[in-house]
Amino acid sequence: MVSHEQRRYGLLLARVSALSLTLLEFACLPTDATAGDLENIQWKLTKYSVGGVLRELPTAANIYAEFKEGRVSGKAVNAYSGSYKVDGNGSLTIGDLSTTLMTGPPESQAVENAYYAALRKTASYTAAGSTLILHDAEGADVLVFSRIKIALVGSWKVTAYNNGKQAVVSAIATSAITMSFAADGTVAGDAGVNRYDARYTTSGIDGIEIGPVATTKKAGPAERMEQERDFLAALSASKVYQFGGETLELRSTSGALQVSAEHAD
C-alpha cells in the first residue's frame, strides 16, 4: 500500500522534474542578443591566426572591421567590404570581399593576406563586452578584436578634404585645419586662414548635418584661401560620419569622402 504521504511526495517530485525540464528547454532556446553585440560597433584587430596559431598584431598595423546592415567593411593595407549573415545562435558567414589595390610593405601585406584568409574561414562568433572573437567551422579562434571606444565629440586634425573637383587632396603640410565637435551641438576650428563655427546635428547611427558656417574675414595666400573654401564646402556637404579605426570620415549622401581627420586630443 502506498501511503498518503508517499503519494504527496511522488506528486511533488514529478512537479519539480517538469519544472526543471521547462527551465532547461528555455535555456536552450536560441537568442539573437549576440547579434546586437556584433553590429554597429567599430572593432580593432588585436590577434590573427596563421597556420592555426594566434599571433599578436604588429604594433605598426591598424586593421579594423565594422558589421552593419549586412555589410562588413574596414581597412587593413587596403579598404575592404563584403556581405555577411548572422543568426541568433552566433553563426557568422562572410561573403566575397572587394578591396582597393594599394600595396604596402611585405610584412604588412602578409598580415593583410592572413586576415582576409581568416575572415573567409569564419563560421561563428562570440561577442562579450569589449571583445569579439571569430571562430572557424571547428570552433578554433581565428581573429580577435577589441572594441574601439571613439566618439564624434572631441578635437580632430584634418588630414584630407574633397576639393570639389572629384578629388580628395591632402591638407597643406604647413597649415592647420581643425574641427572641434562639442556636446552642445557646435563645431568650431581653424580653416587654415580663418576661424569658423557652425551648428551640427546628428541622427540615426551616422547621420550628420553641419551649417550654416560662419567665419572670420582675414585674408591669406591664394593657395591657403582656396584650400579653406574647398574645406568649408566639403564640411557643409557632409551628411554621414563614420570611424575608420582612429580616423573620422565625413561623407556625402552618395558616400563620397568629404573630410578625413585624425584625433587631436
# chains A, B, ... in the order shown; residues from 1 in each chain; ligands from 1
$ residues_around --residues "stretch 224-239 of chain A" --least-positions-apart "5" --cutoff "7 Å" --atoms "only C-alpha atoms" --output "list in words"
Tyr161, Asn162, Asn163, Gly164, Ala191, Gly192, Val193, Gly207, Ile208, Glu209, Ile210, Gly211, Leu250, Arg251, Ser252, Thr253, Gln258 and Val259 of chain A
$ select_by_dssp --residues "stretch 174-226 of chain A" --states "helix (DSSP H, G or I)" --output "JSON, numbers by chain"
{"A": [222, 223, 224, 225, 226]}
$ write_last_selection --atoms "N, CA, C and O atoms" --output "short mmCIF file (atom, residue, chain, number, x, y, z; two decimals), in the first residue's frame"
data_model
loop_
_atom_site.label_atom_id
_atom_site.label_comp_id
_atom_site.auth_asym_id
_atom_site.auth_seq_id
_atom_site.Cartn_x
_atom_site.Cartn_y
_atom_site.Cartn_z
N ALA A 222 46.91 82.92 -51.63
CA ALA A 222 45.87 82.40 -52.53
C ALA A 222 45.69 80.89 -52.37
O ALA A 222 44.56 80.39 -52.35
N GLU A 223 46.78 80.15 -52.22
CA GLU A 223 46.69 78.69 -52.09
C GLU A 223 45.93 78.29 -50.84
O GLU A 223 45.08 77.37 -50.87
N ARG A 224 46.19 79.01 -49.75
CA ARG A 224 45.51 78.67 -48.50
C ARG A 224 44.05 79.11 -48.52
O ARG A 224 43.19 78.44 -47.94
N MET A 225 43.76 80.22 -49.16
CA MET A 225 42.38 80.67 -49.27
C MET A 225 41.56 79.68 -50.10
O MET A 225 40.40 79.39 -49.79
N GLU A 226 42.16 79.14 -51.15
CA GLU A 226 41.47 78.14 -51.97
C GLU A 226 41.23 76.87 -51.16
O GLU A 226 40.15 76.29 -51.20
#
$ closest_residue --among "A:Phe67, A:Glu112, A:Leu57, A:Ala137" --to "A:Ser91" --atoms "only C-alpha atoms"
A:Ala137
$ select_by_dssp --residues "stretch 64-209 of chain A" --states "strand (DSSP E or B)" --output "PyMOL selection string"
chain A and resi 64-68+71-75+79-86+91-99+124-128+131-135+141-147+154-162+168-170+177-181+186-191+195-203+207-209
$ atom_distance --atom1 "atom CA of A:Ala183" --atom2 "atom CA of A:Val153"
6.1 Å
$ residues_around --residues "A:Ala182" --least-positions-apart "6" --cutoff "12 Å" --atoms "only C-alpha atoms" --output "list in words"
Ala151, Leu152, Val153, Gly154, Ser155, Trp156, Ala188, Gly189, Asp197, Ala198, Arg199, Tyr200 and Thr201 of chain A
$ atom_distance --atom1 "atom CA of A:Asp37" --atom2 "atom CA of A:Ala117"
23.3 Å
$ residues_around --residues "A:Thr103" --least-positions-apart "4" --cutoff "9 Å" --atoms "only C-alpha atoms" --output "list in words"
Val77, Asn78, Ser108 and Gln109 of chain A
$ atom_distance --atom1 "atom CA of A:Ala219" --atom2 "atom CA of A:Thr174"
16.6 Å
$ residues_around --residues "A:Ser146" --least-positions-apart "5" --cutoff "7 Å" --atoms "only C-alpha atoms" --output "PyMOL selection string"
chain A and resi 43-46+130-132
$ write_last_selection --atoms "N, CA, C and O atoms" --output "short mmCIF file (atom, residue, chain, number, x, y, z; two decimals), in the first residue's frame"
data_model
loop_
_atom_site.label_atom_id
_atom_site.label_comp_id
_atom_site.auth_asym_id
_atom_site.auth_seq_id
_atom_site.Cartn_x
_atom_site.Cartn_y
_atom_site.Cartn_z
N TRP A 43 35.46 47.62 -34.52
CA TRP A 43 36.32 46.62 -33.88
C TRP A 43 37.75 46.74 -34.42
O TRP A 43 37.95 46.78 -35.62
N LYS A 44 38.72 46.76 -33.53
CA LYS A 44 40.13 46.83 -33.90
C LYS A 44 40.76 45.45 -33.70
O LYS A 44 40.64 44.85 -32.63
N LEU A 45 41.45 44.96 -34.73
CA LEU A 45 42.07 43.64 -34.65
C LEU A 45 43.24 43.66 -33.68
O LEU A 45 44.08 44.56 -33.71
N THR A 46 43.31 42.64 -32.81
CA THR A 46 44.42 42.51 -31.87
C THR A 46 45.22 41.23 -32.10
O THR A 46 46.41 41.18 -31.83
N SER A 130 33.90 44.05 -24.40
CA SER A 130 34.71 44.80 -25.36
C SER A 130 35.52 43.90 -26.28
O SER A 130 36.39 44.39 -27.00
N THR A 131 35.23 42.59 -26.29
CA THR A 131 36.00 41.65 -27.10
C THR A 131 35.10 40.91 -28.08
O THR A 131 34.02 40.45 -27.72
N LEU A 132 35.57 40.78 -29.31
CA LEU A 132 34.90 40.00 -30.35
C LEU A 132 35.88 38.94 -30.84
O LEU A 132 37.02 39.26 -31.19
#
$ closest_residue --among "A:Ala110, A:Leu248, A:Met179, A:Leu92" --to "A:Leu134" --atoms "only C-alpha atoms"
A:Leu92
$ closest_residue --among "A:Ala76, A:Val144, A:Ile94, A:Ile150" --to "A:Thr122" --atoms "only C-alpha atoms"
A:Ile94
$ residues_around --residues "stretch 81-87 of chain A" --least-positions-apart "5" --cutoff "8 Å" --atoms "only C-alpha atoms" --output "MDAnalysis selection string"
chainID A and resid 32 35 67 70:74 92:99
$ closest_residue --among "A:Glu66, A:Glu107, A:Asp136, A:Asp141" --to "A:Val53" --atoms "only C-alpha atoms"
A:Asp141
